[in-house]
$ cat final_11.cif   # mmCIF, C-alpha atoms
data_work
loop_
_atom_site.label_atom_id
_atom_site.label_comp_id
_atom_site.auth_asym_id
_atom_site.auth_seq_id
_atom_site.Cartn_x
_atom_site.Cartn_y
_atom_site.Cartn_z
CA ARG J 1 30.07 14.10 13.86
CA TRP J 2 32.27 14.49 16.94
CA ALA J 3 34.88 12.13 15.43
CA ASN J 4 35.09 14.50 12.45
CA LYS J 5 35.10 11.56 10.02
CA PRO J 6 33.44 11.83 6.60
CA PHE J 7 30.32 9.66 6.35
CA ILE J 8 27.23 8.91 4.27
CA PHE J 9 23.83 8.61 5.95
CA SER J 10 21.74 5.73 4.58
CA THR J 11 18.32 5.75 6.23
CA TYR J 12 16.49 2.54 7.09
CA GLY J 13 13.18 4.37 7.65
CA SER J 14 12.20 5.33 11.17
CA ASP J 15 15.56 6.95 11.95
CA LEU J 16 14.69 9.78 9.55
CA ASP J 17 10.89 9.47 9.67
CA GLN J 18 10.62 9.52 13.47
CA LEU J 19 13.90 9.97 15.35
CA ALA J 20 14.94 13.08 13.40
CA VAL J 21 11.45 14.57 13.71
CA GLN J 22 10.39 13.74 17.28
CA GLY J 23 13.53 12.50 19.01
CA TRP J 24 12.29 8.98 19.56
CA SER J 25 11.22 6.00 17.49
CA GLY J 26 8.36 3.67 18.29
CA ILE J 27 4.63 3.30 18.69
CA THR J 28 2.71 6.54 18.45
CA GLY J 29 0.14 7.82 20.91
CA ARG J 30 2.25 7.25 24.02
CA SER J 31 2.47 9.75 26.86
CA PHE J 32 5.85 10.72 28.27
CA THR J 33 7.18 12.23 31.48
CA LEU J 34 8.80 15.67 31.45
CA GLY J 35 12.23 14.04 31.73
CA GLU J 36 11.54 11.78 28.76
CA ARG J 37 10.35 14.72 26.65
CA LEU J 38 13.51 16.67 27.49
CA LEU J 39 15.61 13.64 26.53
CA HIS J 40 13.79 13.40 23.20
CA LEU J 41 14.53 17.05 22.45
CA LEU J 42 18.21 16.49 23.24
CA VAL J 43 18.38 13.37 21.06
CA LYS J 44 16.62 15.12 18.19
CA HIS J 45 18.95 18.12 18.41
CA HIS J 46 22.16 16.10 18.29
CA PHE J 47 20.86 13.58 15.76
CA VAL J 48 19.77 16.24 13.27
CA ARG J 49 23.04 18.19 13.69
CA SER J 50 24.90 14.95 12.96
CA LEU J 51 22.86 14.15 9.85
CA ARG J 52 23.51 17.62 8.44
CA LYS J 53 27.23 16.80 8.44
CA ALA J 54 26.74 13.78 6.13
CA ARG J 55 28.49 14.07 2.77
CA ALA J 56 25.44 12.48 1.17
CA THR J 57 22.07 11.02 2.17
CA VAL J 58 20.54 7.84 0.73
CA LEU J 59 16.78 7.77 1.24
CA MET J 60 13.38 6.68 -0.07
CA PRO J 61 11.29 8.98 -2.28
CA HIS J 62 8.61 9.52 0.40
CA GLN J 63 11.32 10.92 2.71
CA LEU J 64 12.32 13.76 0.41
CA ARG J 65 10.16 16.37 2.14
CA THR J 66 11.40 15.42 5.62
CA ALA J 67 15.03 15.39 4.46
CA LYS J 68 14.74 18.90 3.05
CA ARG J 69 12.96 20.15 6.16
CA VAL J 70 15.65 18.69 8.41
CA GLY J 71 18.34 20.24 6.23
CA LEU J 72 20.04 17.22 4.70
CA ARG J 73 22.03 17.58 1.49
CA ASN J 74 23.21 15.70 -1.57
CA LEU J 75 20.16 13.43 -1.65
CA HIS J 76 20.23 10.11 -3.51
CA PHE J 77 17.89 7.15 -4.06
CA LEU J 78 19.37 3.65 -3.92
CA PRO J 79 17.11 1.12 -5.70
CA HIS J 80 16.00 -1.89 -3.72
CA ILE J 81 18.67 -4.56 -3.87
CA ILE J 82 17.29 -8.10 -3.98
CA ASP J 83 18.89 -11.51 -4.39
CA THR J 84 17.08 -12.97 -7.40
CA GLN J 85 18.67 -16.34 -6.70
CA LEU J 86 16.73 -16.54 -3.43
CA PHE J 87 13.55 -14.74 -4.39
CA LYS J 88 12.42 -16.33 -7.65
CA PRO J 89 9.49 -18.26 -9.11
CA MET J 90 9.35 -21.97 -8.46
CA ASP J 91 9.23 -24.13 -11.57
CA ASP J 92 5.68 -24.49 -12.86
CA GLN J 93 5.05 -28.01 -11.59
CA GLN J 94 6.39 -27.36 -8.09
CA ARG J 95 4.50 -24.07 -7.90
CA GLN J 96 1.20 -25.68 -8.77
CA GLN J 97 1.77 -28.49 -6.27
CA GLU J 98 2.67 -26.08 -3.47
CA LYS J 99 -0.22 -23.80 -4.36
CA GLN J 100 -2.74 -26.65 -4.38
CA ALA J 101 -1.38 -28.00 -1.09
CA MET J 102 -1.86 -24.59 0.52
CA ARG J 103 -5.35 -24.24 -0.93
CA ASP J 104 -6.31 -27.67 0.40
CA LYS J 105 -4.89 -26.79 3.83
CA MET J 106 -6.76 -23.47 3.91
CA GLY J 107 -9.95 -24.84 2.35
CA CYS J 108 -10.04 -22.29 -0.45
CA ASN J 109 -9.32 -21.82 -4.14
CA LEU J 110 -7.86 -18.29 -4.01
CA ILE J 111 -5.07 -17.05 -1.73
CA LEU J 112 -4.43 -13.37 -1.05
CA PHE J 113 -1.25 -12.57 0.91
CA HIS J 114 -0.86 -9.32 2.87
CA PRO J 115 2.52 -9.45 4.67
CA PRO J 116 3.26 -5.82 5.73
CA ARG J 117 3.23 -5.15 9.46
CA GLN J 118 -0.07 -3.97 10.91
CA THR J 119 0.27 -0.19 11.31
CA TRP J 120 -2.75 1.86 10.32
CA LEU J 121 -4.47 3.64 13.22
CA ASP J 122 -2.18 6.67 13.03
CA ARG J 123 -2.33 7.92 9.44
CA SER J 124 0.28 10.62 10.17
CA THR J 125 3.19 8.23 10.65
CA ALA J 126 5.39 7.42 7.67
CA ASP J 127 5.19 3.78 8.76
CA CYS J 128 1.43 3.63 8.12
CA LYS J 129 0.48 0.73 5.81
CA GLY J 130 -3.26 1.37 5.42
CA ASN J 131 -4.02 -2.24 6.38
CA ASP J 132 -7.63 -1.45 7.24
CA LYS J 133 -8.32 -0.80 3.55
CA VAL J 134 -7.28 -4.37 2.78
CA PHE J 135 -9.62 -5.84 5.42
CA ARG J 136 -12.56 -3.69 4.33
CA ALA J 137 -12.02 -4.41 0.64
CA PHE J 138 -11.61 -8.13 1.33
CA ALA J 139 -14.86 -8.19 3.32
CA LYS J 140 -16.73 -6.83 0.30
CA PHE J 141 -14.79 -9.10 -2.07
CA ILE J 142 -15.72 -12.41 -0.43
CA HIS J 143 -19.41 -11.49 -0.42
CA THR J 144 -19.47 -11.48 -4.22
CA TYR J 145 -16.65 -13.90 -5.08
CA LYS J 146 -18.06 -17.17 -6.37
CA GLY J 147 -15.27 -19.29 -4.90
CA ARG J 148 -13.66 -19.39 -1.46
CA ALA J 149 -10.83 -16.97 -0.70
CA LYS J 150 -8.48 -16.68 2.26
CA LEU J 151 -6.45 -13.64 3.31
CA LEU J 152 -3.05 -14.49 4.81
CA VAL J 153 -1.74 -11.80 7.19
CA VAL J 154 1.51 -11.64 9.18
CA ARG J 155 1.22 -11.19 12.95
CA LYS J 156 3.56 -8.21 13.20
CA GLY J 157 3.22 -4.47 13.93
CA TRP J 158 1.70 -2.05 16.40
CA ASP J 159 -1.94 -2.56 15.42
CA ILE J 160 -2.40 -6.34 15.45
CA GLU J 161 -5.22 -6.27 18.02
CA PRO J 162 -7.13 -3.47 16.22
CA SER J 163 -6.77 -5.45 12.97
CA MET J 164 -8.15 -8.58 14.59
CA GLY J 165 -10.97 -6.50 16.03
CA LEU J 166 -11.72 -5.04 12.60
CA ALA J 167 -11.84 -8.55 11.10
CA ARG J 168 -14.37 -9.57 13.75
CA GLU J 169 -16.40 -6.42 13.16
CA LEU J 170 -16.47 -7.12 9.41
CA GLU J 171 -17.36 -10.78 10.13
CA ILE J 172 -14.41 -12.14 8.12
CA SER J 173 -12.33 -13.69 10.92
CA GLU J 174 -12.87 -17.19 9.52
CA SER J 175 -11.46 -16.06 6.17
CA VAL J 176 -8.34 -14.38 7.66
CA VAL J 177 -5.33 -16.57 8.49
CA TRP J 178 -2.71 -15.08 10.82
CA LEU J 179 0.87 -16.22 10.24
CA ASP J 180 3.91 -15.76 12.46
CA PRO J 181 6.81 -13.73 11.01
CA ALA J 182 8.81 -16.08 8.80
CA PRO J 183 12.39 -16.37 7.54
CA ARG J 184 13.08 -15.29 3.97
CA GLN J 185 12.99 -18.80 2.51
CA GLU J 186 9.46 -19.30 3.85
CA MET J 187 8.45 -15.83 2.65
CA CYS J 188 9.61 -16.80 -0.82
CA ARG J 189 7.41 -19.92 -0.68
CA LEU J 190 4.41 -17.88 0.46
CA TYR J 191 4.90 -15.36 -2.36
CA ASN J 192 4.91 -18.28 -4.80
CA VAL J 193 1.77 -19.96 -3.49
CA ALA J 194 -0.20 -16.70 -3.26
CA ASP J 195 -2.44 -15.76 -6.17
CA ILE J 196 -2.36 -12.06 -5.24
CA VAL J 197 -0.04 -10.06 -2.97
CA LEU J 198 -1.20 -6.83 -1.31
CA ASP J 199 1.44 -4.43 0.01
CA GLN J 200 0.70 -0.99 1.53
CA PHE J 201 -1.91 1.67 0.77
CA ALA J 202 -0.85 4.80 2.61
CA VAL J 203 2.54 6.31 1.75
CA GLY J 204 2.75 5.82 -2.01
CA VAL J 205 6.11 4.07 -2.42
CA ILE J 206 7.26 0.75 -3.78
CA GLY J 207 8.33 -1.25 -0.76
CA SER J 208 10.23 -4.47 -0.22
CA VAL J 209 7.06 -6.58 -0.09
CA ALA J 210 6.09 -5.50 -3.61
CA ILE J 211 9.64 -6.04 -4.88
CA GLU J 212 9.92 -9.52 -3.34
CA ALA J 213 6.51 -10.60 -4.63
CA MET J 214 7.23 -9.35 -8.16
CA THR J 215 10.56 -11.19 -8.12
CA CYS J 216 8.61 -14.38 -7.44
CA GLY J 217 6.34 -13.66 -10.40
CA THR J 218 3.21 -12.91 -8.36
CA PRO J 219 0.90 -9.98 -9.22
CA VAL J 220 0.91 -7.10 -6.74
CA ILE J 221 -1.72 -4.59 -5.64
CA THR J 222 -0.18 -1.57 -3.89
CA TYR J 223 -0.05 2.22 -3.84
CA ALA J 224 2.78 3.98 -5.66
CA THR J 225 3.26 7.55 -6.83
CA ASN J 226 5.92 9.31 -8.89
CA ASP J 227 5.82 12.59 -6.97
CA ALA J 228 9.58 12.67 -6.32
CA LYS J 229 10.61 12.07 -9.93
CA GLU J 230 14.23 12.94 -9.26
CA LEU J 231 14.48 10.01 -6.85
CA LEU J 232 12.48 7.34 -8.63
CA TYR J 233 13.02 4.37 -10.87
CA PRO J 234 13.14 5.27 -14.59
CA GLU J 235 9.78 3.57 -15.11
CA MET J 236 6.90 2.75 -12.82
CA PRO J 237 6.59 -0.93 -11.87
CA PRO J 238 3.78 -3.08 -13.33
CA VAL J 239 1.62 -3.14 -10.18
CA LEU J 240 -2.12 -2.55 -9.88
CA ASN J 241 -1.97 0.91 -8.38
CA SER J 242 -4.62 1.46 -5.71
CA TYR J 243 -5.14 3.93 -2.91
CA SER J 244 -8.77 3.87 -1.84
CA GLU J 245 -10.65 0.90 -0.44
CA ASP J 246 -12.78 0.80 -3.62
CA GLU J 247 -9.68 0.72 -5.84
CA VAL J 248 -8.21 -2.15 -3.81
CA LEU J 249 -11.52 -4.00 -4.13
CA ALA J 250 -11.76 -3.40 -7.87
CA ASN J 251 -8.28 -4.79 -8.45
CA MET J 252 -8.95 -7.81 -6.22
CA ARG J 253 -11.96 -8.58 -8.38
CA ARG J 254 -10.05 -7.93 -11.58
CA LEU J 255 -7.31 -10.41 -10.74
CA ALA J 256 -9.73 -13.00 -9.35
CA GLU J 257 -12.10 -12.83 -12.33
CA ASP J 258 -9.48 -12.51 -15.10
CA GLY J 259 -8.10 -15.88 -14.08
CA THR J 260 -4.73 -17.57 -14.00
CA LEU J 261 -3.51 -16.36 -17.40
CA SER J 262 -3.88 -12.66 -16.52
CA ARG J 263 -2.23 -13.13 -13.13
CA ALA J 264 0.68 -15.00 -14.71
CA LEU J 265 1.17 -12.25 -17.30
CA LEU J 266 1.26 -9.49 -14.68
CA GLY J 267 3.56 -11.61 -12.52
CA ALA J 268 5.97 -12.14 -15.43
CA GLN J 269 6.03 -8.40 -16.15
CA GLY J 270 6.83 -7.71 -12.49
CA LYS J 271 9.70 -10.21 -12.52
CA GLU J 272 11.18 -8.56 -15.64
CA TRP J 273 10.92 -5.12 -14.02
CA VAL J 274 12.75 -6.23 -10.88
CA GLU J 275 15.49 -7.94 -12.85
CA ALA J 276 15.98 -4.75 -14.87
CA HIS J 277 16.11 -2.36 -11.90
CA CYS J 278 16.84 -4.20 -8.62
CA SER J 279 18.78 -7.41 -9.27
#
$ encode --input "final_11.cif" --output "structure tokens"
Amino acid sequence: RWANKPFIFSTYGSDLDQLAVQGWSGITGRSFTLGERLLHLLVKHHFVRSLRKARATVLMPHQLRTAKRVGLRNLHFLPHIIDTQLFKPMDDQQRQQEKQAMRDKMGCNLILFHPPRQTWLDRSTADCKGNDKVFRAFAKFIHTYKGRAKLLVVRKGWDIEPSMGLARELEISESVVWLDPAPRQEMCRLYNVADIVLDQFAVGVIGSVAIEAMTCGTPVITYATNDAKELLYPEMPPVLNSYSEDEVLANMRRLAEDGTLSRALLGAQGKEWVEAHCS
């Protein structure tokens, strides 16, 4: 703004969700000194004044309300851009071999993959993923599922310890496998070996996890809305839309009980959707 150069603001998430609203970005629930609070007010003031000078703003649909409240203008939605040469289904034989190898390693016959970062205690933050709904639904699922299922979760986010505690409380710790954050090539492999991918269940947007999983031809359970129709894809993606714990559970059971053919069909539809809108 001070350089008086024309610019476009393309948000990556927390810069608009948190920095423009509270003057700082990071884990919620912290206490600050008076000096820190004054610094946050100063940062927020200058940051928002700068953003208002942008010729255009590129944002996600869930950020529309915040953008209007802050006073941003000329709002646009840029579809997710994904490299479909990197994220893609393995050929059938390799996929089955990799899938069976992972099942043998995990001692199960059904793999559910939940890679979003663990952020769920503070429902007010735009970064909330609603991970607790996945753990609670999975706990009910494995009590009725006739086979053996494992839930793969990435060790990332503010609420890892609470998530581990919730797994112990629900008595499912032995069925939850914690993975370290992985490079994209390994993520692609995990999307391929998973039978079901679960994204987020709080904000109501299609995120990168859902896009990446669909590109690999794996069925996705997530929460998506079309509230901001002026900023959305022309058609809703073929995901199993769920918000409540019971809806997540019902769709887990649906995909597990319908079998491989149904999961492959939904996965193929997801891949077609991504190629049409995000490739």
$ closest_atom_pairs --input "final_11.cif" --of "range 45-142 of chain J" --to "range 257-268 of chain J" --cutoff "12 Å" --atoms "all atoms listed in the file" --output "JSON lines"
{"residue": "J:Lys88", "atom": "CA", "partner": "J:Ala268", "partner_atom": "CA", "distance": 10.9}
{"residue": "J:Pro89", "atom": "CA", "partner": "J:Ala268", "partner_atom": "CA", "distance": 9.5}
{"residue": "J:Asp92", "atom": "CA", "partner": "J:Ala264", "partner_atom": "CA", "distance": 10.9}
{"residue": "J:Arg95", "atom": "CA", "partner": "J:Ala264", "partner_atom": "CA", "distance": 12.0}
{"residue": "J:Gln96", "atom": "CA", "partner": "J:Thr260", "partner_atom": "CA", "distance": 11.3}
{"residue": "J:Asn109", "atom": "CA", "partner": "J:Gly259", "partner_atom": "CA", "distance": 11.6}
{"residue": "J:Leu110", "atom": "CA", "partner": "J:Gly259", "partner_atom": "CA", "distance": 10.4}
{"residue": "J:Phe141", "atom": "CA", "partner": "J:Glu257", "partner_atom": "CA", "distance": 11.2}
$ write_last_selection --input "final_11.cif" --atoms "C-alpha atoms" --output "short mmCIF file (atom, residue, chain, number, x, y, z; two decimals), in the coordinates of the input"
data_model
loop_
_atom_site.label_atom_id
_atom_site.label_comp_id
_atom_site.auth_asym_id
_atom_site.auth_seq_id
_atom_site.Cartn_x
_atom_site.Cartn_y
_atom_site.Cartn_z
CA LYS J 88 12.42 -16.33 -7.65
CA PRO J 89 9.49 -18.26 -9.11
CA ASP J 92 5.68 -24.49 -12.86
CA ARG J 95 4.50 -24.07 -7.90
CA GLN J 96 1.20 -25.68 -8.77
CA ASN J 109 -9.32 -21.82 -4.14
CA LEU J 110 -7.86 -18.29 -4.01
CA PHE J 141 -14.79 -9.10 -2.07
#
$ resolve_selection --input "final_11.cif" --expression "the PyMOL selection byres ((chain J and resi 58-71) around 9)" --output "count of residues only"
34
$ resolve_selection --input "final_11.cif" --expression "the PyMOL selection byres ((chain J and resi 190) around 10)" --output "list in words"
Glu98, Lys99, Met102, Ile111, Phe113, Pro115, Leu152, Ala182, Arg184, Gln185, Glu186, Met187, Cys188, Arg189, Tyr191, Asn192, Val193, Ala194, Asp195, Val197, Ala213 and Cys216 of chain J
$ resolve_selection --input "final_11.cif" --expression "the PyMOL selection byres ((chain J and resi 174) around 12)" --output "PyMOL selection string"
chain J and resi 106-108+139+142+148-152+164+167-173+175-178
$ write_last_selection --input "final_11.cif" --atoms "C-alpha atoms" --output "tab-separated table (two decimals), in the coordinates of the input"
chain	number	residue	atom	x	y	z
J	106	MET	CA	-6.76	-23.47	3.91
J	107	GLY	CA	-9.95	-24.84	2.35
J	108	CYS	CA	-10.04	-22.29	-0.45
J	139	ALA	CA	-14.86	-8.19	3.32
J	142	ILE	CA	-15.72	-12.41	-0.43
J	148	ARG	CA	-13.66	-19.39	-1.46
J	149	ALA	CA	-10.83	-16.97	-0.70
J	150	LYS	CA	-8.48	-16.68	2.26
J	151	LEU	CA	-6.45	-13.64	3.31
J	152	LEU	CA	-3.05	-14.49	4.81
J	164	MET	CA	-8.15	-8.58	14.59
J	167	ALA	CA	-11.84	-8.55	11.10
J	168	ARG	CA	-14.37	-9.57	13.75
J	169	GLU	CA	-16.40	-6.42	13.16
J	170	LEU	CA	-16.47	-7.12	9.41
J	171	GLU	CA	-17.36	-10.78	10.13
J	172	ILE	CA	-14.41	-12.14	8.12
J	173	SER	CA	-12.33	-13.69	10.92
J	175	SER	CA	-11.46	-16.06	6.17
J	176	VAL	CA	-8.34	-14.38	7.66
J	177	VAL	CA	-5.33	-16.57	8.49
J	178	TRP	CA	-2.71	-15.08	10.82
$ atom_distance --input "final_11.cif" --atom1 "CA of Arg117 in chain J" --atom2 "CA of Gly207 in chain J"
12.1 Å
$ residues_near_point --input "final_11.cif" --point "(-1.2, -0.7, 3.7)" --cutoff "7 Å" --atoms "all atoms listed in the file" --output "JSON, numbers by chain"
{"J": [128, 129, 130, 131, 199, 200, 201, 202]}
$ residues_near_point --input "final_11.cif" --point "(-4.7, 1.0, -9.9)" --cutoff "8 Å" --atoms "only C-alpha atoms" --output "short mmCIF file (atom, residue, chain, number, x, y, z; two decimals) with C-alpha atoms, keeping the file's coordinate frame"
data_model
loop_
_atom_site.label_atom_id
_atom_site.label_comp_id
_atom_site.auth_asym_id
_atom_site.auth_seq_id
_atom_site.Cartn_x
_atom_site.Cartn_y
_atom_site.Cartn_z
CA ILE J 221 -1.72 -4.59 -5.64
CA THR J 222 -0.18 -1.57 -3.89
CA TYR J 223 -0.05 2.22 -3.84
CA VAL J 239 1.62 -3.14 -10.18
CA LEU J 240 -2.12 -2.55 -9.88
CA ASN J 241 -1.97 0.91 -8.38
CA SER J 242 -4.62 1.46 -5.71
CA TYR J 243 -5.14 3.93 -2.91
CA GLU J 247 -9.68 0.72 -5.84
CA VAL J 248 -8.21 -2.15 -3.81
CA ASN J 251 -8.28 -4.79 -8.45
#
$ atom_distance --input "final_11.cif" --atom1 "CA of Val134 in chain J" --atom2 "CA of Asp104 in chain J"
23.4 Å
$ residues_around --input "final_11.cif" --residues "Asn4 in chain J" --least-positions-apart "5" --cutoff "12 Å" --atoms "only C-alpha atoms" --output "ChimeraX atom specification"
/J:50,53-55
$ build_atoms --input "final_11.cif" --residues "range 64-94 of chain J" --atoms "N, CA and C atoms" --output "short mmCIF file (atom, residue, chain, number, x, y, z; two decimals), in the frame of the given file"
data_model
loop_
_atom_site.label_atom_id
_atom_site.label_comp_id
_atom_site.auth_asym_id
_atom_site.auth_seq_id
_atom_site.Cartn_x
_atom_site.Cartn_y
_atom_site.Cartn_z
N LEU J 64 11.68 12.57 0.98
CA LEU J 64 12.32 13.76 0.41
C LEU J 64 11.91 15.02 1.17
N ARG J 65 10.63 15.17 1.46
CA ARG J 65 10.16 16.37 2.14
C ARG J 65 10.78 16.50 3.53
N THR J 66 10.81 15.40 4.28
CA THR J 66 11.40 15.42 5.62
C THR J 66 12.88 15.75 5.55
N ALA J 67 13.59 15.15 4.59
CA ALA J 67 15.03 15.39 4.46
C ALA J 67 15.32 16.86 4.20
N LYS J 68 14.53 17.48 3.34
CA LYS J 68 14.74 18.90 3.05
C LYS J 68 14.40 19.76 4.26
N ARG J 69 13.34 19.38 4.98
CA ARG J 69 12.96 20.15 6.16
C ARG J 69 14.02 20.06 7.25
N VAL J 70 14.62 18.89 7.40
CA VAL J 70 15.65 18.69 8.41
C VAL J 70 16.95 19.38 8.01
N GLY J 71 17.14 19.55 6.70
CA GLY J 71 18.34 20.24 6.23
C GLY J 71 19.43 19.32 5.72
N LEU J 72 19.05 18.14 5.24
CA LEU J 72 20.04 17.22 4.70
C LEU J 72 20.40 17.62 3.27
N ARG J 73 21.53 17.14 2.79
CA ARG J 73 22.03 17.58 1.49
C ARG J 73 22.48 16.40 0.65
N ASN J 74 22.70 16.69 -0.63
CA ASN J 74 23.21 15.70 -1.57
C ASN J 74 22.39 14.42 -1.50
N LEU J 75 21.12 14.52 -1.84
CA LEU J 75 20.16 13.43 -1.65
C LEU J 75 20.20 12.44 -2.82
N HIS J 76 20.19 11.16 -2.50
CA HIS J 76 20.23 10.11 -3.51
C HIS J 76 19.24 9.00 -3.17
N PHE J 77 18.78 8.30 -4.21
CA PHE J 77 17.89 7.15 -4.06
C PHE J 77 18.65 5.90 -4.49
N LEU J 78 18.75 4.93 -3.59
CA LEU J 78 19.37 3.65 -3.92
C LEU J 78 18.25 2.64 -4.20
N PRO J 79 18.16 2.11 -5.41
CA PRO J 79 17.11 1.12 -5.70
C PRO J 79 17.17 -0.05 -4.73
N HIS J 80 16.02 -0.69 -4.54
CA HIS J 80 16.00 -1.89 -3.72
C HIS J 80 16.99 -2.91 -4.29
N ILE J 81 17.74 -3.54 -3.43
CA ILE J 81 18.67 -4.56 -3.87
C ILE J 81 18.13 -5.92 -3.41
N ILE J 82 17.90 -6.82 -4.34
CA ILE J 82 17.29 -8.10 -3.98
C ILE J 82 18.07 -9.24 -4.63
N ASP J 83 18.20 -10.32 -3.89
CA ASP J 83 18.89 -11.51 -4.39
C ASP J 83 17.90 -12.33 -5.21
N THR J 84 18.02 -12.25 -6.52
CA THR J 84 17.08 -12.97 -7.40
C THR J 84 17.40 -14.45 -7.51
N GLN J 85 18.45 -14.90 -6.81
CA GLN J 85 18.67 -16.34 -6.70
C GLN J 85 17.91 -16.93 -5.52
N LEU J 86 17.56 -16.09 -4.56
CA LEU J 86 16.73 -16.54 -3.43
C LEU J 86 15.26 -16.31 -3.73
N PHE J 87 14.92 -15.06 -4.04
CA PHE J 87 13.55 -14.74 -4.39
C PHE J 87 13.36 -14.95 -5.89
N LYS J 88 12.64 -16.01 -6.25
CA LYS J 88 12.42 -16.33 -7.65
C LYS J 88 11.21 -17.25 -7.77
N PRO J 89 10.63 -17.34 -8.94
CA PRO J 89 9.49 -18.26 -9.11
C PRO J 89 9.94 -19.71 -9.01
N MET J 90 9.11 -20.54 -8.40
CA MET J 90 9.35 -21.97 -8.46
C MET J 90 9.09 -22.43 -9.90
N ASP J 91 9.59 -23.62 -10.25
CA ASP J 91 9.23 -24.13 -11.57
C ASP J 91 7.73 -24.44 -11.57
N ASP J 92 7.14 -24.45 -12.74
CA ASP J 92 5.68 -24.49 -12.86
C ASP J 92 5.05 -25.66 -12.11
N GLN J 93 5.64 -26.84 -12.23
CA GLN J 93 5.05 -28.01 -11.59
C GLN J 93 5.10 -27.90 -10.06
N GLN J 94 6.27 -27.51 -9.54
CA GLN J 94 6.39 -27.36 -8.09
C GLN J 94 5.46 -26.28 -7.57
#
